[in-house]
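A.B. asks: File name input07.tsv; file contents TSV, C-alpha atoms and all ligand atoms; full text below.
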chain	number	residue	atom	x	y	z
A	104	MET	CA	-27.82	-26.37	12.38
A	105	ARG	CA	-24.25	-25.20	12.88
A	106	PRO	CA	-23.44	-21.77	11.41
A	107	LEU	CA	-21.86	-22.01	7.99
A	108	VAL	CA	-19.06	-19.60	8.94
A	109	GLN	CA	-17.59	-18.46	12.22
A	110	ASP	CA	-18.66	-15.10	13.66
A	111	HIS	CA	-15.40	-13.36	12.84
A	112	ILE	CA	-16.03	-14.06	9.14
A	113	ALA	CA	-19.76	-13.28	9.21
A	114	SER	CA	-19.02	-9.93	10.87
A	115	LEU	CA	-16.61	-8.75	8.16
A	116	LYS	CA	-17.53	-6.42	5.33
A	117	ALA	CA	-15.89	-7.26	2.02
A	118	TYR	CA	-13.32	-4.76	0.76
A	119	GLU	CA	-14.92	-2.57	-1.89
A	120	PRO	CA	-12.63	-1.74	-4.78
A	121	GLY	CA	-13.41	1.45	-6.68
A	122	LYS	CA	-15.68	1.03	-9.69
A	123	PRO	CA	-13.83	0.64	-13.01
A	124	ALA	CA	-13.80	3.77	-15.20
A	125	GLN	CA	-15.50	1.82	-18.00
A	126	GLU	CA	-18.43	0.95	-15.78
A	127	VAL	CA	-18.84	4.56	-14.66
A	128	GLU	CA	-18.81	5.59	-18.34
A	129	ARG	CA	-21.52	3.06	-19.15
A	130	GLU	CA	-23.72	3.93	-16.17
A	131	LEU	CA	-23.51	7.69	-16.57
A	132	GLY	CA	-23.25	7.81	-20.36
A	133	LEU	CA	-19.85	9.53	-20.22
A	134	THR	CA	-16.63	9.12	-22.16
A	135	GLY	CA	-13.05	9.76	-21.09
A	136	VAL	CA	-13.69	9.08	-17.41
A	137	VAL	CA	-10.53	9.45	-15.33
A	138	LYS	CA	-9.93	7.22	-12.34
A	139	LEU	CA	-7.90	8.85	-9.60
A	140	ALA	CA	-9.11	6.49	-6.91
A	141	SER	CA	-6.69	3.61	-6.45
A	142	ASN	CA	-3.22	5.16	-6.50
A	143	GLU	CA	-2.38	3.53	-9.80
A	144	ASN	CA	0.46	4.89	-11.89
A	145	PRO	CA	-1.04	7.34	-14.41
A	146	LEU	CA	1.76	6.62	-16.89
A	147	GLY	CA	0.71	2.99	-17.23
A	148	PRO	CA	3.12	0.09	-16.72
A	149	SER	CA	6.85	0.19	-17.31
A	150	PRO	CA	7.42	-0.38	-21.06
A	151	ARG	CA	10.11	-2.91	-20.24
A	152	ALA	CA	7.64	-4.84	-18.11
A	153	MET	CA	5.11	-4.86	-20.95
A	154	GLU	CA	7.73	-6.19	-23.35
A	155	ALA	CA	8.71	-8.94	-20.90
A	156	VAL	CA	5.06	-9.94	-20.51
A	157	ARG	CA	4.62	-10.16	-24.29
A	158	GLU	CA	7.65	-12.41	-24.55
A	159	ALA	CA	6.57	-14.60	-21.65
A	160	ALA	CA	3.13	-15.23	-23.16
A	161	SER	CA	4.53	-18.26	-24.98
A	162	ASP	CA	5.58	-19.81	-21.64
A	163	LEU	CA	2.16	-19.84	-20.05
A	164	HIS	CA	2.03	-23.64	-20.09
A	165	TYR	CA	4.94	-23.78	-17.62
A	166	TYR	CA	4.49	-23.47	-13.89
A	167	PRO	CA	6.22	-20.37	-12.47
A	168	ASP	CA	9.85	-20.73	-11.37
A	169	GLY	CA	8.97	-19.98	-7.73
A	170	GLY	CA	10.58	-16.57	-7.97
A	171	TYR	CA	14.10	-17.80	-8.61
A	172	TYR	CA	15.06	-15.07	-11.08
A	173	LEU	CA	13.08	-12.23	-9.56
A	174	LYS	CA	14.63	-12.86	-6.15
A	175	ARG	CA	18.07	-12.85	-7.74
A	176	ALA	CA	17.27	-9.56	-9.49
A	177	LEU	CA	16.08	-8.07	-6.19
A	178	ALA	CA	19.18	-9.38	-4.42
A	179	GLU	CA	21.36	-7.59	-6.96
A	180	ARG	CA	19.62	-4.31	-6.33
A	181	PHE	CA	19.04	-4.52	-2.56
A	182	PRO	CA	21.37	-5.70	0.24
A	183	PHE	CA	19.58	-9.01	0.84
A	184	GLU	CA	20.15	-12.61	-0.23
A	185	PRO	CA	17.42	-14.45	-2.16
A	186	SER	CA	16.78	-16.44	1.03
A	187	GLU	CA	15.91	-13.16	2.78
A	188	ILE	CA	13.28	-12.19	0.21
A	189	LEU	CA	9.58	-13.09	0.06
A	190	LEU	CA	7.37	-12.68	-2.99
A	191	GLY	CA	3.61	-12.32	-2.88
A	192	ASN	CA	0.62	-12.04	-5.19
A	193	GLY	CA	0.69	-8.35	-4.36
A	194	SER	CA	1.89	-7.26	-0.95
A	195	ASN	CA	-1.69	-7.93	0.14
A	196	GLU	CA	-0.89	-11.61	0.03
A	197	LEU	CA	2.26	-11.05	2.06
A	198	ILE	CA	0.19	-9.34	4.76
A	199	GLU	CA	-2.00	-12.41	4.95
A	200	LEU	CA	0.92	-14.84	4.90
A	201	LEU	CA	2.69	-12.98	7.69
A	202	ILE	CA	-0.37	-13.00	9.94
A	203	ARG	CA	-1.19	-16.65	9.23
A	204	THR	CA	2.40	-17.71	9.81
A	205	PHE	CA	3.21	-15.79	12.97
A	206	VAL	CA	0.11	-14.81	14.93
A	207	PRO	CA	-1.15	-17.70	17.06
A	208	PRO	CA	-4.55	-17.84	18.77
A	209	GLY	CA	-4.50	-15.63	21.86
A	210	MET	CA	-2.03	-13.15	20.43
A	211	HIS	CA	-3.05	-10.08	18.44
A	212	VAL	CA	-2.04	-7.65	15.72
A	213	ALA	CA	-1.68	-3.91	16.39
A	214	GLY	CA	-2.06	-0.98	14.02
A	215	SER	CA	-3.57	2.46	13.54
A	216	ALA	CA	-7.23	3.16	12.80
A	217	GLY	CA	-6.14	5.67	10.17
A	218	ALA	CA	-3.93	3.28	8.23
A	219	PHE	CA	-4.38	0.81	5.37
A	220	ILE	CA	-7.60	-1.03	6.20
A	221	ILE	CA	-6.37	-4.37	4.84
A	222	TYR	CA	-4.30	-5.07	7.98
A	223	LYS	CA	-7.47	-5.10	10.04
A	224	LEU	CA	-9.59	-7.01	7.52
A	225	VAL	CA	-7.03	-9.77	7.15
A	226	THR	CA	-6.35	-10.03	10.88
A	227	ILE	CA	-10.04	-10.42	11.68
A	228	GLY	CA	-10.47	-12.77	8.72
A	229	CYS	CA	-7.77	-14.98	10.23
A	230	GLY	CA	-9.73	-15.07	13.49
A	231	ARG	CA	-7.27	-12.88	15.38
A	232	GLU	CA	-7.84	-9.68	17.31
A	233	PHE	CA	-6.80	-6.34	15.84
A	234	VAL	CA	-5.82	-3.76	18.45
A	235	GLU	CA	-6.12	-0.22	17.17
A	236	SER	CA	-4.71	3.16	18.13
A	237	PRO	CA	-6.51	6.31	16.95
A	238	LEU	CA	-5.28	8.44	14.08
A	239	GLY	CA	-2.99	11.24	15.24
A	240	ALA	CA	-4.05	14.87	15.44
A	241	ASP	CA	-2.13	15.85	12.31
A	242	ARG	CA	-3.67	12.94	10.35
A	243	GLY	CA	-0.57	10.86	10.78
A	244	TYR	CA	0.31	7.96	13.03
A	245	ASP	CA	0.17	8.61	16.74
A	246	LEU	CA	3.10	6.36	17.64
A	247	GLU	CA	2.81	7.05	21.35
A	248	ALA	CA	-0.80	5.89	21.33
A	249	LEU	CA	0.18	2.85	19.28
A	250	ALA	CA	3.03	1.94	21.62
A	251	ALA	CA	0.60	2.26	24.53
A	252	ARG	CA	-1.67	-0.37	22.95
A	253	VAL	CA	1.19	-2.84	22.52
A	254	SER	CA	1.55	-5.55	25.15
A	255	ARG	CA	3.35	-8.85	25.52
A	256	ASP	CA	0.41	-10.39	23.63
A	257	THR	CA	1.13	-8.29	20.56
A	258	ARG	CA	2.74	-10.57	18.00
A	259	MET	CA	2.73	-8.22	15.03
A	260	ILE	CA	2.58	-4.47	14.38
A	261	PHE	CA	1.82	-2.97	10.98
A	262	ILE	CA	3.07	0.49	10.09
A	263	ALA	CA	2.51	1.87	6.60
A	264	ASN	CA	5.19	4.46	5.93
A	265	PRO	CA	4.29	6.61	4.09
A	266	ASN	CA	0.72	5.92	5.12
A	267	ASN	CA	-2.32	5.17	3.01
A	268	PRO	CA	-4.87	6.84	3.06
A	269	THR	CA	-3.41	9.95	4.71
A	270	GLY	CA	-0.12	10.24	2.77
A	271	SER	CA	1.69	11.03	6.01
A	272	PHE	CA	5.31	10.17	6.71
A	273	LEU	CA	7.21	9.01	9.78
A	274	SER	CA	10.84	10.00	10.19
A	275	GLY	CA	13.58	7.54	11.01
A	276	ASP	CA	13.90	9.01	14.49
A	277	ALA	CA	10.17	8.62	15.14
A	278	ILE	CA	10.18	4.95	14.16
A	279	GLU	CA	13.41	4.23	16.05
A	280	GLY	CA	11.88	5.78	19.15
A	281	PHE	CA	8.75	3.71	18.73
A	282	VAL	CA	10.77	0.50	18.36
A	283	GLU	CA	12.72	1.32	21.52
A	284	ALA	CA	9.54	1.91	23.51
A	285	VAL	CA	7.91	-1.28	22.25
A	286	ASP	CA	10.97	-3.45	22.79
A	287	ALA	CA	11.48	-2.11	26.30
A	288	LYS	CA	7.91	-3.21	27.06
A	289	CYS	CA	8.09	-6.64	25.50
A	290	GLY	CA	11.42	-7.83	26.85
A	291	ASP	CA	12.73	-11.01	25.27
A	292	ASP	CA	9.62	-11.57	23.15
A	293	PRO	CA	9.31	-8.50	20.92
A	294	PRO	CA	6.55	-8.28	18.30
A	295	ILE	CA	7.29	-8.55	14.61
A	296	LEU	CA	7.27	-5.05	13.15
A	297	VAL	CA	6.03	-4.98	9.56
A	298	LEU	CA	7.00	-1.77	7.78
A	299	ASP	CA	4.84	-1.43	4.69
A	300	GLU	CA	6.79	0.77	2.31
A	301	ALA	CA	4.43	0.57	-0.69
A	302	TYR	CA	5.10	4.26	-1.48
A	303	HIS	CA	8.79	4.24	-0.61
A	304	GLU	CA	9.91	5.30	-4.09
A	305	TYR	CA	7.98	8.57	-3.81
A	306	VAL	CA	9.60	9.68	-0.56
A	307	ASP	CA	11.84	12.71	-0.95
A	308	ARG	CA	12.55	13.37	2.71
A	309	GLU	CA	16.11	13.00	3.92
A	310	ASP	CA	15.13	12.02	7.46
A	311	ARG	CA	13.72	8.69	6.36
A	312	LEU	CA	14.33	5.46	8.21
A	313	ASP	CA	17.10	3.13	7.11
A	314	SER	CA	14.66	0.22	7.21
A	315	PHE	CA	17.18	-2.28	5.85
A	316	ALA	CA	19.53	-1.53	8.75
A	317	LEU	CA	16.62	-2.09	11.12
A	318	VAL	CA	15.99	-5.55	9.61
A	319	ARG	CA	19.64	-6.38	10.27
A	320	ARG	CA	19.72	-5.00	13.77
A	321	ARG	CA	16.29	-6.16	14.87
A	322	PRO	CA	15.54	-9.54	13.27
A	323	ARG	CA	11.81	-9.38	14.05
A	324	THR	CA	11.37	-6.73	11.39
A	325	VAL	CA	9.89	-7.10	7.90
A	326	VAL	CA	10.06	-4.47	5.14
A	327	MET	CA	7.40	-4.77	2.43
A	328	ARG	CA	7.52	-3.15	-0.99
A	329	THR	CA	5.42	-3.52	-4.13
A	330	PHE	CA	5.45	-3.21	-7.91
A	331	SER	CA	1.90	-1.85	-7.79
A	332	LYS	CA	2.61	1.85	-7.41
A	333	ALA	CA	5.75	3.53	-8.77
A	334	TYR	CA	6.40	0.61	-11.14
A	335	GLY	CA	2.86	0.77	-12.52
A	336	MET	CA	1.98	-2.90	-12.15
A	337	ALA	CA	-1.02	-3.01	-9.80
A	338	GLY	CA	-2.94	-5.27	-12.18
A	339	ILE	CA	-0.41	-8.07	-12.35
A	340	ARG	CA	-0.06	-8.47	-8.56
A	341	CYS	CA	3.50	-8.62	-7.33
A	342	GLY	CA	4.84	-7.56	-3.96
A	343	TYR	CA	8.05	-8.39	-2.13
A	344	ALA	CA	9.46	-8.25	1.35
A	345	PHE	CA	12.84	-8.32	3.07
A	346	ALA	CA	13.30	-10.16	6.35
A	347	SER	CA	15.64	-12.56	8.11
A	348	GLU	CA	16.20	-15.97	6.58
A	349	GLU	CA	14.49	-17.46	9.62
A	350	LEU	CA	11.29	-15.47	9.17
A	351	CYS	CA	11.24	-16.08	5.40
A	352	GLY	CA	11.74	-19.78	6.00
A	353	TYR	CA	8.63	-20.01	8.14
A	354	VAL	CA	6.48	-18.11	5.65
A	355	ASN	CA	7.70	-20.36	2.86
A	356	ARG	CA	6.34	-23.38	4.71
A	357	ILE	CA	2.74	-22.25	4.31
A	358	ARG	CA	3.01	-20.23	1.10
A	359	ALA	CA	1.40	-21.79	-1.97
A	360	PRO	CA	4.31	-22.99	-4.13
A	361	PHE	CA	3.30	-20.93	-7.18
A	362	ASN	CA	1.74	-17.92	-5.47
A	363	VAL	CA	3.20	-15.42	-7.93
A	364	ASN	CA	2.45	-16.06	-11.59
A	365	ASN	CA	4.88	-16.25	-14.50
A	366	LEU	CA	3.95	-12.92	-16.01
A	367	ALA	CA	4.25	-11.06	-12.71
A	368	LEU	CA	7.69	-12.54	-12.11
A	369	VAL	CA	9.15	-11.55	-15.48
A	370	ALA	CA	7.43	-8.16	-15.42
A	371	GLY	CA	8.83	-7.44	-11.97
A	372	ALA	CA	12.38	-8.29	-12.98
A	373	ALA	CA	12.11	-6.14	-16.11
A	374	ALA	CA	10.54	-3.19	-14.26
A	375	LEU	CA	13.34	-3.20	-11.67
A	376	ASP	CA	15.78	-2.36	-14.46
A	377	ASP	CA	13.60	0.36	-15.93
A	378	ASP	CA	15.22	3.34	-14.23
A	379	ASP	CA	13.98	5.68	-16.92
A	380	PHE	CA	10.34	4.78	-16.29
A	381	LEU	CA	10.75	5.12	-12.55
A	382	ARG	CA	12.34	8.54	-12.97
A	383	ARG	CA	9.52	9.73	-15.23
A	384	SER	CA	6.89	8.37	-12.84
A	385	LEU	CA	8.39	10.23	-9.92
A	386	ALA	CA	8.78	13.47	-11.90
A	387	VAL	CA	5.16	13.46	-13.11
A	388	ASN	CA	4.06	12.76	-9.55
A	389	ARG	CA	6.19	15.51	-8.05
A	390	GLU	CA	4.84	18.15	-10.44
A	391	GLY	CA	1.27	16.95	-10.06
A	392	LYS	CA	1.57	17.02	-6.30
A	393	VAL	CA	2.73	20.63	-6.25
A	394	LEU	CA	0.00	21.70	-8.68
A	395	LEU	CA	-2.90	19.87	-7.04
A	396	THR	CA	-1.84	20.84	-3.53
A	397	ARG	CA	-1.71	24.50	-4.48
A	398	GLU	CA	-4.92	24.49	-6.52
A	399	LEU	CA	-7.00	22.49	-4.05
A	400	LYS	CA	-5.86	24.71	-1.19
A	401	ALA	CA	-6.77	27.74	-3.29
A	402	ARG	CA	-10.29	26.31	-3.50
A	403	GLY	CA	-10.55	26.27	0.27
A	404	PHE	CA	-9.84	22.61	0.92
A	405	GLU	CA	-7.37	21.21	3.42
A	406	VAL	CA	-4.63	19.15	1.80
A	407	SER	CA	-2.41	17.05	4.05
A	408	PRO	CA	1.32	16.92	3.25
A	409	SER	CA	1.95	13.81	1.16
A	410	GLN	CA	5.01	11.64	0.54
A	411	THR	CA	3.02	9.43	-1.84
A	412	ASN	CA	1.29	9.46	-5.23
A	413	PHE	CA	-2.01	10.69	-3.78
A	414	LEU	CA	-3.42	13.53	-1.72
A	415	PHE	CA	-5.61	13.35	1.34
A	416	VAL	CA	-8.09	16.17	1.09
A	417	ASP	CA	-10.60	17.43	3.63
A	418	VAL	CA	-13.41	19.08	1.65
A	419	HIS	CA	-15.20	20.21	4.86
A	420	ARG	CA	-18.55	18.80	3.71
A	421	ASP	CA	-20.04	15.42	2.90
A	422	GLY	CA	-17.23	13.70	1.00
A	423	ARG	CA	-19.58	11.13	-0.49
A	424	GLU	CA	-21.62	13.92	-2.09
A	425	VAL	CA	-18.49	15.55	-3.52
A	426	PHE	CA	-17.32	12.15	-4.76
A	427	GLU	CA	-20.63	11.58	-6.55
A	428	GLN	CA	-20.66	15.00	-8.13
A	429	LEU	CA	-17.07	14.60	-9.33
A	430	GLN	CA	-17.98	11.21	-10.75
A	431	ARG	CA	-20.85	12.71	-12.72
A	432	ARG	CA	-18.25	15.06	-14.18
A	433	GLY	CA	-16.05	12.16	-15.22
A	434	VAL	CA	-13.52	11.94	-12.38
A	435	ILE	CA	-13.46	9.10	-9.87
A	436	VAL	CA	-11.86	9.74	-6.48
A	437	ARG	CA	-12.06	7.79	-3.22
A	438	PRO	CA	-14.35	8.87	-0.40
A	439	MET	CA	-13.00	8.12	3.07
A	440	GLY	CA	-16.17	7.18	4.95
A	441	ALA	CA	-14.88	3.64	5.46
A	442	TYR	CA	-12.04	5.11	7.52
A	443	GLY	CA	-14.43	7.17	9.62
A	444	LEU	CA	-13.40	10.38	7.85
A	445	PRO	CA	-16.64	11.36	6.07
A	446	THR	CA	-15.51	14.81	4.94
A	447	CYS	CA	-12.32	13.55	3.33
A	448	LEU	CA	-11.31	12.28	-0.08
A	449	ARG	CA	-8.22	10.46	-1.26
A	450	ILE	CA	-7.19	11.62	-4.70
A	451	THR	CA	-4.51	9.94	-6.78
A	452	ILE	CA	-2.15	12.35	-8.54
A	453	GLY	CA	-2.58	11.98	-12.29
A	454	THR	CA	-0.99	13.16	-15.50
A	455	PRO	CA	-1.12	16.93	-16.17
A	456	GLU	CA	-4.24	16.40	-18.31
A	457	GLN	CA	-5.96	14.30	-15.68
A	458	ASN	CA	-5.13	16.81	-12.96
A	459	GLU	CA	-6.63	19.61	-15.07
A	460	LYS	CA	-9.77	17.57	-15.58
A	461	LEU	CA	-10.03	17.04	-11.83
A	462	LEU	CA	-9.65	20.74	-11.08
A	463	GLY	CA	-12.18	21.61	-13.78
A	464	ALA	CA	-14.63	19.16	-12.22
A	465	PHE	CA	-14.08	20.74	-8.81
A	466	ASP	CA	-14.79	24.18	-10.28
A	467	ASP	CA	-18.04	22.83	-11.68
A	468	LEU	CA	-19.40	21.44	-8.42
A	469	GLU	CA	-22.64	22.68	-7.01
A	470	LEU	CA	-21.82	22.56	-3.34
A	471	ALA	CA	-23.81	23.58	-0.37
A	472	ALA	CA	-21.57	25.68	1.85
B	1	LIG	C1	-1.22	0.04	-2.51
B	1	LIG	C2	-0.71	-0.44	-1.21
B	1	LIG	C3	-0.11	-1.69	-1.10
B	1	LIG	C4	0.12	-2.51	-2.32
B	1	LIG	O1	-0.63	-3.63	-2.35
B	1	LIG	P1	-0.37	-4.69	-3.49
B	1	LIG	O2	-1.10	-5.86	-2.98
B	1	LIG	O3	1.10	-4.90	-3.60
B	1	LIG	O4	-0.95	-4.13	-4.73
B	1	LIG	C5	0.36	-2.10	0.13
B	1	LIG	N1	0.25	-1.31	1.21
B	1	LIG	C6	-0.30	-0.10	1.13
B	1	LIG	C7	-0.35	0.74	2.35
B	1	LIG	C8	-0.82	0.36	-0.06
B	1	LIG	O5	-1.40	1.56	-0.14
Would you mind writing the file's structure down as structure tokens?
C.D. replies:
Amino acid sequence: MRPLVQDHIASLKAYEPGKPAQEVERELGLTGVVKLASNENPLGPSPRAMEAVREAASDLHYYPDGGYYLKRALAERFPFEPSEILLGNGSNELIELLIRTFVPPGMHVAGSAGAFIIYKLVTIGCGREFVESPLGADRGYDLEALAARVSRDTRMIFIANPNNPTGSFLSGDAIEGFVEAVDAKCGDDPPILVLDEAYHEYVDREDRLDSFALVRRRPRTVVMRTFSKAYGMAGIRCGYAFASEELCGYVNRIRAPFNVNNLALVAGAAALDDDDFLRRSLAVNREGKVLLTRELKARGFEVSPSQTNFLFVDVHRDGREVFEQLQRRGVIVRPMGAYGLPTCLRITIGTPEQNEKLLGAFDDLELAA
């Protein structure tokens, strides 16, 4: 009998999303469980997006418009033409589309072992090799190590900046230097660099990369963004990317015609205009970040600097155990065992009330030293 699936699929482990708060409440007999595990916006969705979704409910019998209006709205806000914009059912779908479109058999994808695990899962799922550099000493990217792994067989490189799960940030100079090193190595056939800027809105550093200029100057560059984080729309699934018309054209050849649904398209366009919501989201995050960083450090934990809406915390003991104890006290966080960091947790920054509940739960823990 021939195997039902190929080895590269059989060998994969399915991505495990965090358990819903409701389910934790049911299982543990709790109420008011707070989920700080998936980097969702604690303020909920943009009110404008919600209103747009309500209005669009009467149009559910129509097929989506293929992104016509959302691309125009993005083109008004960002320096790209609609033909230079890709839309995906979350940026997760864009990751998959990019790999399927551009990485042929025999070529591979490169990334960091301490970065978003989806790059690796999708690459392997597509039957391609994922070449990995180790996480840097300061729990950031080690770009030198990554550049060293790149060869002429590297077709695509993923860099999450800021990074999930570590929250770390790469400066413009660091990325420019990396690009120079890689391009010097690869000559006339440079890899496609995918810059995943899912947390871009939260960045407050001045030395950030001008990623749009890089797309212009280096056409094998893609910049991905999403409505899932700062815009509060993780549940509706809508991501977007900027790239050359040539690259977008190829992706469009294999993309399902209606990959982004009606509601996501109208919600995205409405959220883009909701400057007030974005401002509030960033302010709540900024205050929560300062508070949680200070308070978690005061409790003896190591908190990595973050340019995102979450904190990467080394609790110096079994993270799974701490996760379970916090969960029993009504707070769900994300243990980092899957990333090979068993003493670490990733904790989404919440509202002031949620942050207090988290700190209270920490104070309640019964931890072996
Ligand atoms: C959350 C996140 C995304 C967003 O994924 P969507 O599919 O758009 O929800 C992308 N990249 C990284 C690194 C993330 O953390």
A.B. asks: How close does each residue of chain A get to ligand LIG 1 (chain B), giving the shortest atom pair and distance in Å to one decimal for every residue with an atom at most 8 Å away, counting only C-alpha atoms and all ligand atoms, sorted by chain and residue number, as a tab-separated table?
C.D. replies:
residue	atom	partner	partner_atom	distance
A:Ser141	CA	B:LIG1	C1	7.6
A:Asn142	CA	B:LIG1	C1	6.8
A:Gly191	CA	B:LIG1	O3	7.9
A:Asn192	CA	B:LIG1	O2	6.8
A:Gly193	CA	B:LIG1	O2	3.4
A:Ser194	CA	B:LIG1	O3	3.6
A:Asn195	CA	B:LIG1	O2	3.8
A:Glu196	CA	B:LIG1	O2	6.5
A:Leu197	CA	B:LIG1	O2	8.0
A:Ala218	CA	B:LIG1	C7	7.3
A:Phe219	CA	B:LIG1	C7	5.0
A:Ala263	CA	B:LIG1	C7	5.2
A:Asn264	CA	B:LIG1	C7	7.6
A:Pro265	CA	B:LIG1	C7	7.7
A:Asn266	CA	B:LIG1	C7	6.0
A:Asn267	CA	B:LIG1	O5	4.9
A:Pro268	CA	B:LIG1	O5	7.1
A:Asp299	CA	B:LIG1	N1	5.8
A:Glu300	CA	B:LIG1	N1	7.0
A:Ala301	CA	B:LIG1	C5	4.9
A:Tyr302	CA	B:LIG1	O5	7.2
A:Met327	CA	B:LIG1	C5	7.9
A:Arg328	CA	B:LIG1	O3	7.1
A:Thr329	CA	B:LIG1	O3	4.6
A:Phe330	CA	B:LIG1	O3	6.4
A:Ser331	CA	B:LIG1	O4	4.8
A:Lys332	CA	B:LIG1	C1	6.5
A:Ala337	CA	B:LIG1	O4	5.2
A:Gly338	CA	B:LIG1	O4	7.8
A:Arg340	CA	B:LIG1	O4	5.9
A:Cys341	CA	B:LIG1	O3	5.8
A:Gly342	CA	B:LIG1	O3	4.6
A:Tyr343	CA	B:LIG1	O3	7.9
A.B. asks: Tell me, as a JSON list (two decimals) with C-alpha atoms, keeping the file's coordinate frame, which residues lie within 10 Å of Lys122 of chain A, counting only C-alpha atoms; anything in the same chain fewer than 2 positions away does not count.
C.D. replies:
[["chain", "number", "residue", "atom", "x", "y", "z"],
["A", 119, "GLU", "CA", -14.92, -2.57, -1.89],
["A", 120, "PRO", "CA", -12.63, -1.74, -4.78],
["A", 124, "ALA", "CA", -13.80, 3.77, -15.20],
["A", 125, "GLN", "CA", -15.50, 1.82, -18.00],
["A", 126, "GLU", "CA", -18.43, 0.95, -15.78],
["A", 127, "VAL", "CA", -18.84, 4.56, -14.66],
["A", 138, "LYS", "CA", -9.93, 7.22, -12.34],
["A", 140, "ALA", "CA", -9.11, 6.49, -6.91],
["A", 141, "SER", "CA", -6.69, 3.61, -6.45],
["A", 435, "ILE", "CA", -13.46, 9.10, -9.87]]
A.B. asks: Extract, using all atoms listed in the file, all DNA, RNA and protein residues at most 9 Å from segment 376-393 of chain A, discarding same-chain residues fewer than 4 positions from it, and format them as a list in words.
C.D. replies: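 Residues near the query, excluding close chain neighbours: Asn144, Pro145, Leu146, Pro148, Ser149, Pro150, Arg151, Ala152, Ala176, Glu304, Tyr305, Ala333, Tyr334, Gly335, Gly371, Ala372, Arg397, Glu398, Ser409, Thr411, Asn412, Phe413, Leu414, Ile452, Gly453, Thr454, Pro455 and Asn458 of chain A.
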A.B. asks: Could you please take those selected residues and save C-alpha atoms as a PDB file, in the frame of the given file?
C.D. replies:
ATOM      1  CA  ASN A 144       0.460   4.890 -11.890  1.00  0.00           C
ATOM      2  CA  PRO A 145      -1.040   7.340 -14.410  1.00  0.00           C
ATOM      3  CA  LEU A 146       1.760   6.620 -16.890  1.00  0.00           C
ATOM      4  CA  PRO A 148       3.120   0.090 -16.720  1.00  0.00           C
ATOM      5  CA  SER A 149       6.850   0.190 -17.310  1.00  0.00           C
ATOM      6  CA  PRO A 150       7.420  -0.380 -21.060  1.00  0.00           C
ATOM      7  CA  ARG A 151      10.110  -2.910 -20.240  1.00  0.00           C
ATOM      8  CA  ALA A 152       7.640  -4.840 -18.110  1.00  0.00           C
ATOM      9  CA  ALA A 176      17.270  -9.560  -9.490  1.00  0.00           C
ATOM     10  CA  GLU A 304       9.910   5.300  -4.090  1.00  0.00           C
ATOM     11  CA  TYR A 305       7.980   8.570  -3.810  1.00  0.00           C
ATOM     12  CA  ALA A 333       5.750   3.530  -8.770  1.00  0.00           C
ATOM     13  CA  TYR A 334       6.400   0.610 -11.140  1.00  0.00           C
ATOM     14  CA  GLY A 335       2.860   0.770 -12.520  1.00  0.00           C
ATOM     15  CA  GLY A 371       8.830  -7.440 -11.970  1.00  0.00           C
ATOM     16  CA  ALA A 372      12.380  -8.290 -12.980  1.00  0.00           C
ATOM     17  CA  ARG A 397      -1.710  24.500  -4.480  1.00  0.00           C
ATOM     18  CA  GLU A 398      -4.920  24.490  -6.520  1.00  0.00           C
ATOM     19  CA  SER A 409       1.950  13.810   1.160  1.00  0.00           C
ATOM     20  CA  THR A 411       3.020   9.430  -1.840  1.00  0.00           C
ATOM     21  CA  ASN A 412       1.290   9.460  -5.230  1.00  0.00           C
ATOM     22  CA  PHE A 413      -2.010  10.690  -3.780  1.00  0.00           C
ATOM     23  CA  LEU A 414      -3.420  13.530  -1.720  1.00  0.00           C
ATOM     24  CA  ILE A 452      -2.150  12.350  -8.540  1.00  0.00           C
ATOM     25  CA  GLY A 453      -2.580  11.980 -12.290  1.00  0.00           C
ATOM     26  CA  THR A 454      -0.990  13.160 -15.500  1.00  0.00           C
ATOM     27  CA  PRO A 455      -1.120  16.930 -16.170  1.00  0.00           C
ATOM     28  CA  ASN A 458      -5.130  16.810 -12.960  1.00  0.00           C
TER      29      ASN A 458
END
A.B. asks: Which residue out of A:Leu190, A:Val253, A:Val425, A:Ala155 has the minimum interatomic distance to Val326 of chain A when all atoms listed in the file are used?
C.D. replies: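 Closest candidate: A:Leu190.
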A.B. asks: Which one is closest to Met336 of chain A: A:Glu143, A:His164, A:Leu296, A:Thr396? Count all atoms listed in the file.
C.D. replies: A:Glu143
A.B. asks: Just how far from atom CA of Glu130 of chain A is atom CA of Leu468 of chain A, in Å to one decimal?
C.D. replies: 19.6 Å
A.B. asks: Figure out the distance between atom CA of Leu201 of chain A and atom CA of Pro322 of chain A, please, to one decimal in Å.
C.D. replies: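 These atoms are spaced 14.4 Å apart.
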A.B. asks: Leaving out Asp292 of chain A and any residue of its chain fewer than 6 positions from it, which residues lie within 9 Å of it when counting only C-alpha atoms, given as a PyMOL selection string?
C.D. replies: chain A and resi 255+258+286
A.B. asks: Between A:Glu247, A:Asp110, A:Glu348, A:Glu128, which residue has the minimum interatomic distance to Cys229 of chain A, considering all atoms listed in the file?
C.D. replies: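 Going through A:Glu247, A:Asp110, A:Glu348, A:Glu128 one by one, the smallest distance to Cys229 of chain A is for A:Asp110.
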A.B. asks: Enter the distance from atom CA of Glu469 of chain A to atom CA of Arg420 of chain A, in Å, rounded to one decimal.
C.D. replies: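 Atom CA of Arg420 of chain A lies 12.1 Å from atom CA of Glu469 of chain A.
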A.B. asks: Kindly indicate which residue among A:Phe272, A:Phe181, A:Tyr442, A:Phe345 lies nearest to Asp241 of chain A, using all atoms listed in the file for the distances.
C.D. replies: A:Phe272
A.B. asks: May I ask which of the residues A:Leu375, A:Thr269, A:Leu462, A:Pro408 is the closest one to Arg449 of chain A, counting all atoms listed in the file?
C.D. replies: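 Residue with the minimum atom-to-atom distance to Arg449 of chain A: A:Thr269.
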